[in-house]
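Next up, model-v3.txt (compact mmCIF, C-alpha atoms and all ligand atoms):
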```txt
# COMPACT_ATOMS: atom_id res chain seq x y z
CA MET U 773 10.10 -24.33 13.84
CA ASP U 774 8.42 -20.94 13.69
CA TYR U 775 8.76 -19.94 10.07
CA TYR U 776 7.36 -16.47 10.55
CA ALA U 777 9.01 -15.29 13.75
CA ASN U 778 10.66 -11.91 13.60
CA LEU U 779 14.34 -12.56 13.22
CA ASN U 780 16.96 -9.90 13.69
CA ARG U 781 15.81 -7.49 11.04
CA ARG U 782 18.66 -6.05 9.05
CA GLN U 783 18.98 -3.26 6.56
CA ALA U 784 19.21 -4.66 3.04
CA PRO U 785 22.44 -3.78 1.19
CA PRO U 786 22.21 -1.10 -1.52
CA ARG U 787 20.47 -2.51 -4.59
CA PRO U 788 22.61 -3.13 -7.68
CA ASN U 789 22.24 -1.08 -10.84
CA PRO U 790 19.86 -2.92 -13.18
CA VAL U 791 21.33 -4.74 -16.16
CA ASN U 792 18.99 -5.33 -19.07
CA GLU U 793 19.45 -9.09 -19.14
CA GLU U 794 16.73 -11.59 -18.32
CA ILE U 795 17.16 -14.83 -16.43
CA MET U 796 14.49 -17.40 -17.28
CA LEU U 797 13.11 -19.60 -14.57
CA ASN U 798 13.00 -23.33 -15.17
CA LYS U 799 9.53 -24.46 -16.13
CA LYS U 800 9.20 -26.98 -13.33
CA ASP U 801 10.91 -25.18 -10.46
CA TYR U 802 9.25 -22.79 -8.10
CA ILE U 803 10.43 -20.13 -5.72
CA VAL U 804 9.22 -20.07 -2.13
CA SER U 805 9.75 -17.48 0.56
CA ARG U 806 8.23 -16.64 3.88
CA THR U 807 8.28 -13.34 5.71
CA ASP U 808 7.35 -11.87 9.06
CA LEU U 809 4.52 -9.37 9.37
CA LYS U 810 6.63 -6.54 7.96
CA GLY U 811 7.87 -8.45 4.91
CA TYR U 812 11.28 -9.38 6.28
CA ILE U 813 12.43 -12.70 4.86
CA THR U 814 12.43 -15.61 7.32
CA TYR U 815 12.77 -18.46 4.83
CA ALA U 816 14.04 -18.87 1.27
CA ASN U 817 14.01 -22.15 -0.66
CA ASP U 818 17.07 -23.25 -2.63
CA TYR U 819 15.63 -22.10 -5.94
CA PHE U 820 15.02 -18.59 -4.59
CA ILE U 821 18.66 -18.45 -3.49
CA GLU U 822 19.83 -19.70 -6.87
CA ILE U 823 17.67 -17.37 -8.97
CA SER U 824 18.20 -14.24 -6.89
CA ALA U 825 21.98 -14.86 -6.94
CA TYR U 826 22.17 -13.94 -3.24
CA GLU U 827 23.53 -16.18 -0.50
CA LYS U 828 20.99 -17.53 1.96
CA ASP U 829 22.55 -15.44 4.75
CA GLU U 830 22.13 -12.30 2.69
CA LEU U 831 18.40 -12.92 2.23
CA ILE U 832 17.31 -14.02 5.69
CA GLY U 833 16.44 -11.09 7.95
CA VAL U 834 16.20 -8.41 5.26
CA ASN U 835 13.06 -6.96 3.70
CA HIS U 836 11.71 -8.64 0.61
CA ASN U 837 12.24 -5.38 -1.23
CA ILE U 838 15.91 -6.43 -1.53
CA ILE U 839 14.86 -7.81 -4.94
CA ARG U 840 12.52 -4.97 -5.88
CA HIS U 841 13.05 -3.89 -9.47
CA PRO U 842 12.74 -0.18 -10.37
CA ASP U 843 10.49 -1.10 -13.32
CA MET U 844 7.79 -2.27 -10.89
CA PRO U 845 5.03 0.27 -10.24
CA LYS U 846 4.58 1.05 -6.53
CA LEU U 847 0.86 0.53 -6.96
CA ILE U 848 1.21 -3.21 -7.54
CA PHE U 849 2.87 -3.62 -4.14
CA LYS U 850 0.15 -1.50 -2.55
CA VAL U 851 -2.50 -3.79 -4.06
CA LEU U 852 -0.51 -6.77 -2.79
CA TRP U 853 -0.13 -5.47 0.77
CA ASP U 854 -3.76 -4.27 1.00
CA ARG U 855 -4.94 -7.72 0.04
CA ILE U 856 -2.72 -9.82 2.27
CA ARG U 857 -3.11 -7.52 5.30
CA ALA U 858 -6.86 -7.97 4.89
CA GLY U 859 -6.31 -11.74 5.12
CA ASP U 860 -6.72 -12.59 1.41
CA LYS U 861 -4.31 -14.09 -1.08
CA VAL U 862 -3.22 -12.27 -4.19
CA PHE U 863 -1.74 -13.14 -7.58
CA ALA U 864 0.69 -10.74 -9.23
CA PHE U 865 3.21 -10.58 -12.03
CA VAL U 866 6.48 -9.31 -10.58
CA LYS U 867 9.77 -8.33 -12.19
CA ASN U 868 12.59 -8.95 -9.74
CA LEU U 869 16.15 -7.68 -9.50
CA ARG U 870 18.98 -10.13 -8.88
CA LYS U 871 22.16 -9.42 -6.99
CA ASP U 872 24.03 -9.10 -10.29
CA GLY U 873 21.49 -6.55 -11.59
CA LYS U 874 19.86 -8.98 -14.05
CA PHE U 875 16.11 -9.52 -13.84
CA TYR U 876 13.57 -12.35 -13.78
CA TRP U 877 9.79 -12.35 -14.12
CA VAL U 878 7.50 -14.44 -11.98
CA LEU U 879 3.86 -15.07 -11.39
CA ALA U 880 3.56 -14.86 -7.61
CA GLU U 881 0.88 -15.97 -5.25
CA VAL U 882 1.27 -14.23 -1.91
CA GLU U 883 -0.76 -15.30 1.10
CA PRO U 884 -1.10 -14.63 4.79
CA ALA U 885 -0.11 -17.43 7.14
CA LYS U 886 -2.64 -17.73 9.92
CA ASN U 887 -2.60 -19.24 13.37
CA ASN U 888 -6.03 -19.55 15.00
CA GLY U 889 -7.32 -16.99 12.52
CA GLU U 890 -4.62 -14.46 13.32
CA ILE U 891 -2.11 -13.42 10.65
CA VAL U 892 1.37 -14.41 11.83
CA GLY U 893 3.36 -13.79 8.64
CA TYR U 894 3.20 -14.18 4.87
CA TYR U 895 4.44 -16.61 2.26
CA SER U 896 4.76 -16.73 -1.46
CA PHE U 897 5.07 -19.27 -4.29
CA ARG U 898 6.31 -18.19 -7.67
CA VAL U 899 6.53 -19.81 -11.06
CA ARG U 900 7.87 -18.71 -14.41
CA ALA U 901 5.68 -16.03 -15.98
CA PRO U 902 4.56 -17.14 -19.45
CA ARG U 903 5.78 -15.07 -22.42
CA HIS U 904 2.28 -14.38 -23.73
CA ALA U 905 1.38 -12.72 -20.42
CA LEU U 906 4.59 -10.69 -20.23
CA LYS U 907 4.01 -9.17 -23.65
CA GLU U 908 0.94 -7.47 -22.22
CA ILE U 909 1.97 -6.93 -18.61
CA THR U 910 5.23 -5.15 -19.46
CA GLN U 911 3.21 -2.57 -21.40
CA VAL U 912 0.66 -2.17 -18.61
CA TYR U 913 3.38 -1.72 -15.98
CA ALA U 914 5.31 0.74 -18.16
CA LYS U 915 2.19 2.90 -18.40
CA LEU U 916 1.56 2.67 -14.66
CA LEU U 917 5.16 3.62 -13.94
CA GLU U 918 4.94 6.60 -16.26
CA ALA U 919 1.73 7.74 -14.59
CA GLU U 920 3.39 7.34 -11.18
CA LYS U 921 6.35 9.47 -12.21
CA GLU U 922 4.03 12.23 -13.34
CA GLY U 923 1.18 12.09 -10.86
CA GLY U 924 2.18 9.67 -8.11
CA MET U 925 0.19 6.64 -7.03
CA LYS U 926 -3.09 8.50 -7.34
CA ALA U 927 -2.48 8.74 -11.09
CA SER U 928 -1.40 5.11 -11.54
CA LYS U 929 -4.36 3.90 -9.46
CA GLU U 930 -6.77 5.85 -11.65
CA LEU U 931 -5.19 4.33 -14.74
CA LEU U 932 -5.31 0.77 -13.39
CA ASP U 933 -8.87 1.18 -12.07
CA ASN U 934 -10.08 2.40 -15.48
CA PHE U 935 -8.23 -0.36 -17.30
CA LEU U 936 -9.71 -3.05 -15.04
CA ALA U 937 -13.19 -1.52 -15.00
CA LYS U 938 -13.30 -1.85 -18.79
CA LYS U 939 -12.44 -5.52 -18.43
CA LYS U 940 -14.81 -5.92 -15.45
CA LEU U 941 -12.03 -7.63 -13.53
CA THR U 942 -10.07 -7.13 -10.33
CA TYR U 943 -6.27 -6.98 -10.69
CA ASP U 944 -6.12 -10.49 -9.33
CA GLU U 945 -8.66 -11.88 -11.77
CA TYR U 946 -6.90 -10.11 -14.62
CA VAL U 947 -3.58 -11.69 -13.65
CA GLN U 948 -5.06 -15.17 -13.46
CA LYS U 949 -6.88 -14.75 -16.76
CA LEU U 950 -3.73 -13.53 -18.47
CA PHE U 951 -1.79 -16.43 -17.05
CA LYS U 952 -4.30 -19.01 -18.27
CA LYS U 953 -4.71 -17.46 -21.72
CA GLY U 954 -2.47 -19.16 -24.21
CA PHE U 955 -2.19 -22.46 -22.38
CA GLY U 956 -5.45 -23.82 -23.71
CA PHE U 957 -7.97 -25.86 -21.80
CA GLY U 958 -6.49 -27.71 -18.85
CA GLY U 959 -3.14 -26.04 -19.25
CA PHE U 960 -3.64 -23.87 -16.24
CA LEU U 961 -4.24 -26.82 -13.97
CA ARG U 962 -1.37 -28.82 -15.40
CA GLY U 963 1.09 -25.98 -15.23
CA PHE U 964 0.15 -24.35 -12.01
CA GLY U 965 -2.67 -25.87 -10.04
CA ASN U 966 -0.58 -28.60 -8.47
CA ILE U 967 1.58 -25.94 -6.86
CA PHE U 968 -0.99 -23.41 -5.84
CA SER U 969 -4.09 -25.37 -5.04
C1 LIG Y 1001 5.53 -12.99 1.18
C2 LIG Y 1001 5.96 -11.77 0.43
C3 LIG Y 1001 6.66 -11.91 -0.76
C4 LIG Y 1001 7.09 -10.81 -1.47
N1 LIG Y 1001 7.79 -11.00 -2.62
C5 LIG Y 1001 8.28 -9.93 -3.29
C6 LIG Y 1001 9.06 -10.12 -4.45
O1 LIG Y 1001 9.30 -11.23 -4.92
N2 LIG Y 1001 9.57 -9.01 -5.05
C7 LIG Y 1001 9.32 -7.74 -4.60
O2 LIG Y 1001 9.82 -6.78 -5.20
N3 LIG Y 1001 8.56 -7.55 -3.50
C8 LIG Y 1001 8.05 -8.61 -2.84
N4 LIG Y 1001 7.27 -8.41 -1.73
C9 LIG Y 1001 6.90 -7.00 -1.36
C10 LIG Y 1001 8.00 -6.29 -0.61
O3 LIG Y 1001 7.85 -6.55 0.78
C11 LIG Y 1001 7.92 -4.75 -0.83
O4 LIG Y 1001 6.67 -4.26 -0.42
C12 LIG Y 1001 8.15 -4.37 -2.30
O5 LIG Y 1001 9.35 -4.90 -2.78
C13 LIG Y 1001 8.14 -2.85 -2.51
O6 LIG Y 1001 9.16 -2.27 -1.79
P1 LIG Y 1001 8.88 -0.99 -0.92
O7 LIG Y 1001 7.73 -1.36 -0.01
O8 LIG Y 1001 10.15 -0.72 -0.20
O9 LIG Y 1001 8.52 0.08 -1.89
C14 LIG Y 1001 6.81 -9.49 -0.99
C15 LIG Y 1001 6.11 -9.35 0.21
C16 LIG Y 1001 5.67 -10.47 0.90
C17 LIG Y 1001 4.90 -10.28 2.19
```
Could you express the structure from this file as structure tokens?
Amino acid sequence: MDYYANLNRRQAPPRPNPVNEEIMLNKKDYIVSRTDLKGYITYANDYFIEISAYEKDELIGVNHNIIRHPDMPKLIFKVLWDRIRAGDKVFAFVKNLRKDGKFYWVLAEVEPAKNNGEIVGYYSFRVRAPRHALKEITQVYAKLLEAEKEGGMKASKELLDNFLAKKKLTYDEYVQKLFKKGFGFGGFLRGFGNIFS
């Protein structure tokens, strides 16, 4: 089966109005999706279907932005797409919007799928984002969003670049460090490595 083939691409339905209610992911379950080269969903695992509250048929063939939450800064998706189009993988904290308007946070790893070195599509694994990381990341994203509203992506990029330069980290390294922090030694590998490595 070709997991990344372009299916009949469809327009996603209008997104629901956000409801300020969080759905927590199970600790042990993970969300998987695959997309074609433009980010249209070609595969969704059962847990993705359950958590997003959409039917499988509603997800397959539409762009992954069907679950985009308005609290997410545009810049984070630009970082994501720049990295995966260049052939690299990326880690990101993402707040997602369910069909019922509720939200859920994930730590996502997004990667290109390659065939003989050529990118044929993309896939992503996601796990529950730890609370200690969300405390910080929600503040960072709120500031980026504010900057974007005032000065567009140029402003949010400047803010993120300065923030990361002070830490001497890339966005990706920052995300991984934040994820590991709080778990203690070995926690990262126990909680995450078996899925992503
Ligand atoms: C494999 C893969 C997984 C993605 N997962 C998500 C996701 O969980 N949530 C999300 O909002 N965007 C996700 N995206 C990014 C979307 O395609 C899209 O760029 C983003 O939602 C921003 O929407 P916009 O480009 O219409 O502004 C994913 C992209 C790829 C390639």
- Item | Close residues, U:Tyr812 itself excluded, 12 Å, only C-alpha atoms, min 5 positions apart in chain, as a ChimeraX atom specification | /U:775-784,805-807,830-839,893-895
How close does chain U get to ligand LIG 1001 (chain Y)? List, as JSON lines, each residue of chain U within 10 Å, its nearest atom pair and the distance in Å to one decimal, counting only C-alpha atoms and all ligand atoms.
```
{"residue": "U:Ile803", "atom": "CA", "partner": "Y:LIG1001", "partner_atom": "O1", "distance": 9.0}
{"residue": "U:Val804", "atom": "CA", "partner": "Y:LIG1001", "partner_atom": "C1", "distance": 8.6}
{"residue": "U:Ser805", "atom": "CA", "partner": "Y:LIG1001", "partner_atom": "C1", "distance": 6.2}
{"residue": "U:Arg806", "atom": "CA", "partner": "Y:LIG1001", "partner_atom": "C1", "distance": 5.3}
{"residue": "U:Thr807", "atom": "CA", "partner": "Y:LIG1001", "partner_atom": "C1", "distance": 5.3}
{"residue": "U:Asp808", "atom": "CA", "partner": "Y:LIG1001", "partner_atom": "C17", "distance": 7.5}
{"residue": "U:Leu809", "atom": "CA", "partner": "Y:LIG1001", "partner_atom": "C17", "distance": 7.2}
{"residue": "U:Lys810", "atom": "CA", "partner": "Y:LIG1001", "partner_atom": "C17", "distance": 7.1}
{"residue": "U:Gly811", "atom": "CA", "partner": "Y:LIG1001", "partner_atom": "C17", "distance": 4.4}
{"residue": "U:Tyr812", "atom": "CA", "partner": "Y:LIG1001", "partner_atom": "O3", "distance": 7.1}
{"residue": "U:Ile813", "atom": "CA", "partner": "Y:LIG1001", "partner_atom": "C1", "distance": 7.8}
{"residue": "U:Thr814", "atom": "CA", "partner": "Y:LIG1001", "partner_atom": "C1", "distance": 9.6}
{"residue": "U:Tyr815", "atom": "CA", "partner": "Y:LIG1001", "partner_atom": "C1", "distance": 9.8}
{"residue": "U:Phe820", "atom": "CA", "partner": "Y:LIG1001", "partner_atom": "O1", "distance": 9.3}
{"residue": "U:Ser824", "atom": "CA", "partner": "Y:LIG1001", "partner_atom": "O1", "distance": 9.6}
{"residue": "U:Val834", "atom": "CA", "partner": "Y:LIG1001", "partner_atom": "O3", "distance": 9.7}
{"residue": "U:Asn835", "atom": "CA", "partner": "Y:LIG1001", "partner_atom": "O3", "distance": 6.0}
{"residue": "U:His836", "atom": "CA", "partner": "Y:LIG1001", "partner_atom": "O3", "distance": 4.4}
{"residue": "U:Asn837", "atom": "CA", "partner": "Y:LIG1001", "partner_atom": "O5", "distance": 3.3}
{"residue": "U:Ile838", "atom": "CA", "partner": "Y:LIG1001", "partner_atom": "O5", "distance": 6.9}
{"residue": "U:Ile839", "atom": "CA", "partner": "Y:LIG1001", "partner_atom": "O2", "distance": 5.2}
{"residue": "U:Arg840", "atom": "CA", "partner": "Y:LIG1001", "partner_atom": "O2", "distance": 3.3}
{"residue": "U:His841", "atom": "CA", "partner": "Y:LIG1001", "partner_atom": "O2", "distance": 6.1}
{"residue": "U:Pro842", "atom": "CA", "partner": "Y:LIG1001", "partner_atom": "O2", "distance": 8.9}
{"residue": "U:Asp843", "atom": "CA", "partner": "Y:LIG1001", "partner_atom": "O2", "distance": 9.9}
{"residue": "U:Met844", "atom": "CA", "partner": "Y:LIG1001", "partner_atom": "O2", "distance": 7.5}
{"residue": "U:Pro845", "atom": "CA", "partner": "Y:LIG1001", "partner_atom": "C13", "distance": 8.9}
{"residue": "U:Lys846", "atom": "CA", "partner": "Y:LIG1001", "partner_atom": "O9", "distance": 6.2}
{"residue": "U:Leu847", "atom": "CA", "partner": "Y:LIG1001", "partner_atom": "C13", "distance": 9.2}
{"residue": "U:Ile848", "atom": "CA", "partner": "Y:LIG1001", "partner_atom": "C13", "distance": 8.6}
{"residue": "U:Phe849", "atom": "CA", "partner": "Y:LIG1001", "partner_atom": "O4", "distance": 5.4}
{"residue": "U:Lys850", "atom": "CA", "partner": "Y:LIG1001", "partner_atom": "O4", "distance": 7.4}
{"residue": "U:Val851", "atom": "CA", "partner": "Y:LIG1001", "partner_atom": "O4", "distance": 9.9}
{"residue": "U:Leu852", "atom": "CA", "partner": "Y:LIG1001", "partner_atom": "C9", "distance": 7.6}
{"residue": "U:Trp853", "atom": "CA", "partner": "Y:LIG1001", "partner_atom": "O4", "distance": 7.0}
{"residue": "U:Ile856", "atom": "CA", "partner": "Y:LIG1001", "partner_atom": "C17", "distance": 7.6}
{"residue": "U:Arg857", "atom": "CA", "partner": "Y:LIG1001", "partner_atom": "C17", "distance": 9.0}
{"residue": "U:Ala864", "atom": "CA", "partner": "Y:LIG1001", "partner_atom": "O1", "distance": 9.6}
{"residue": "U:Phe865", "atom": "CA", "partner": "Y:LIG1001", "partner_atom": "O1", "distance": 9.4}
{"residue": "U:Val866", "atom": "CA", "partner": "Y:LIG1001", "partner_atom": "N2", "distance": 6.3}
{"residue": "U:Lys867", "atom": "CA", "partner": "Y:LIG1001", "partner_atom": "O2", "distance": 7.2}
{"residue": "U:Asn868", "atom": "CA", "partner": "Y:LIG1001", "partner_atom": "N2", "distance": 5.6}
{"residue": "U:Leu869", "atom": "CA", "partner": "Y:LIG1001", "partner_atom": "O2", "distance": 7.7}
{"residue": "U:Tyr876", "atom": "CA", "partner": "Y:LIG1001", "partner_atom": "O1", "distance": 9.9}
{"residue": "U:Trp877", "atom": "CA", "partner": "Y:LIG1001", "partner_atom": "O1", "distance": 9.3}
{"residue": "U:Val878", "atom": "CA", "partner": "Y:LIG1001", "partner_atom": "O1", "distance": 8.0}
{"residue": "U:Leu879", "atom": "CA", "partner": "Y:LIG1001", "partner_atom": "O1", "distance": 9.3}
{"residue": "U:Ala880", "atom": "CA", "partner": "Y:LIG1001", "partner_atom": "O1", "distance": 7.3}
{"residue": "U:Glu881", "atom": "CA", "partner": "Y:LIG1001", "partner_atom": "C3", "distance": 8.4}
{"residue": "U:Val882", "atom": "CA", "partner": "Y:LIG1001", "partner_atom": "C1", "distance": 5.4}
{"residue": "U:Glu883", "atom": "CA", "partner": "Y:LIG1001", "partner_atom": "C1", "distance": 6.7}
{"residue": "U:Pro884", "atom": "CA", "partner": "Y:LIG1001", "partner_atom": "C1", "distance": 7.7}
{"residue": "U:Ala885", "atom": "CA", "partner": "Y:LIG1001", "partner_atom": "C1", "distance": 9.3}
{"residue": "U:Gly893", "atom": "CA", "partner": "Y:LIG1001", "partner_atom": "C17", "distance": 7.5}
{"residue": "U:Tyr894", "atom": "CA", "partner": "Y:LIG1001", "partner_atom": "C1", "distance": 4.5}
{"residue": "U:Tyr895", "atom": "CA", "partner": "Y:LIG1001", "partner_atom": "C1", "distance": 3.9}
{"residue": "U:Ser896", "atom": "CA", "partner": "Y:LIG1001", "partner_atom": "C1", "distance": 4.6}
{"residue": "U:Phe897", "atom": "CA", "partner": "Y:LIG1001", "partner_atom": "C3", "distance": 8.3}
{"residue": "U:Arg898", "atom": "CA", "partner": "Y:LIG1001", "partner_atom": "O1", "distance": 8.1}
```
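Our summary of the geometry notes that atom CA of U:Leu916 is positioned 29.6 Å from atom CA of U:Ala816.
Counting from atom CA of U:Asp860, the distance to atom CA of U:Leu941 is 16.6 Å.
We find atom CA of U:Lys799 and atom CA of U:Lys907 to be spaced 17.9 Å apart.
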- Item | Nearest-residue call for U:Phe935, choices U:Asn792, U:Lys915, U:Arg900, U:Ile891, using only C-alpha atoms |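 Ranking U:Asn792, U:Lys915, U:Arg900, U:Ile891 by distance to U:Phe935, first place goes to U:Lys915.
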Go ahead and find all residues with at least one atom no further than 12 Å from (-5.2, 3.4, -11.0) in the file's coordinates, using all atoms listed in the file; report them as a PDB file with C-alpha atoms, in the coordinates of the input.
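Saved file result14.pdb follows:
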```
ATOM      1  CA  PRO U 845       5.030   0.270 -10.240  1.00  0.00           C
ATOM      2  CA  LYS U 846       4.580   1.050  -6.530  1.00  0.00           C
ATOM      3  CA  LEU U 847       0.860   0.530  -6.960  1.00  0.00           C
ATOM      4  CA  ILE U 848       1.210  -3.210  -7.540  1.00  0.00           C
ATOM      5  CA  LYS U 850       0.150  -1.500  -2.550  1.00  0.00           C
ATOM      6  CA  VAL U 851      -2.500  -3.790  -4.060  1.00  0.00           C
ATOM      7  CA  VAL U 912       0.660  -2.170 -18.610  1.00  0.00           C
ATOM      8  CA  TYR U 913       3.380  -1.720 -15.980  1.00  0.00           C
ATOM      9  CA  LYS U 915       2.190   2.900 -18.400  1.00  0.00           C
ATOM     10  CA  LEU U 916       1.560   2.670 -14.660  1.00  0.00           C
ATOM     11  CA  LEU U 917       5.160   3.620 -13.940  1.00  0.00           C
ATOM     12  CA  GLU U 918       4.940   6.600 -16.260  1.00  0.00           C
ATOM     13  CA  ALA U 919       1.730   7.740 -14.590  1.00  0.00           C
ATOM     14  CA  GLU U 920       3.390   7.340 -11.180  1.00  0.00           C
ATOM     15  CA  GLY U 923       1.180  12.090 -10.860  1.00  0.00           C
ATOM     16  CA  GLY U 924       2.180   9.670  -8.110  1.00  0.00           C
ATOM     17  CA  MET U 925       0.190   6.640  -7.030  1.00  0.00           C
ATOM     18  CA  LYS U 926      -3.090   8.500  -7.340  1.00  0.00           C
ATOM     19  CA  ALA U 927      -2.480   8.740 -11.090  1.00  0.00           C
ATOM     20  CA  SER U 928      -1.400   5.110 -11.540  1.00  0.00           C
ATOM     21  CA  LYS U 929      -4.360   3.900  -9.460  1.00  0.00           C
ATOM     22  CA  GLU U 930      -6.770   5.850 -11.650  1.00  0.00           C
ATOM     23  CA  LEU U 931      -5.190   4.330 -14.740  1.00  0.00           C
ATOM     24  CA  LEU U 932      -5.310   0.770 -13.390  1.00  0.00           C
ATOM     25  CA  ASP U 933      -8.870   1.180 -12.070  1.00  0.00           C
ATOM     26  CA  ASN U 934     -10.080   2.400 -15.480  1.00  0.00           C
ATOM     27  CA  PHE U 935      -8.230  -0.360 -17.300  1.00  0.00           C
ATOM     28  CA  LEU U 936      -9.710  -3.050 -15.040  1.00  0.00           C
ATOM     29  CA  ALA U 937     -13.190  -1.520 -15.000  1.00  0.00           C
ATOM     30  CA  THR U 942     -10.070  -7.130 -10.330  1.00  0.00           C
ATOM     31  CA  TYR U 943      -6.270  -6.980 -10.690  1.00  0.00           C
TER      32      TYR U 943
END
```
- Task: Find, counting all atoms listed in the file, the residue in U:Asp818, U:Glu827, U:Asp944, U:Glu922 that gets nearest to U:Lys871.
- Result: U:Glu827
- Query: So which residues touch U:Gly873 within 9 Å, counting only C-alpha atoms, skipping near sequence neighbours fewer than 6 positions away, as a list in words?
  - Reply: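 Surrounding residues, per the criterion: Arg787, Pro788, Asn789, Pro790, Val791, Asn792 and Glu793 of chain U.
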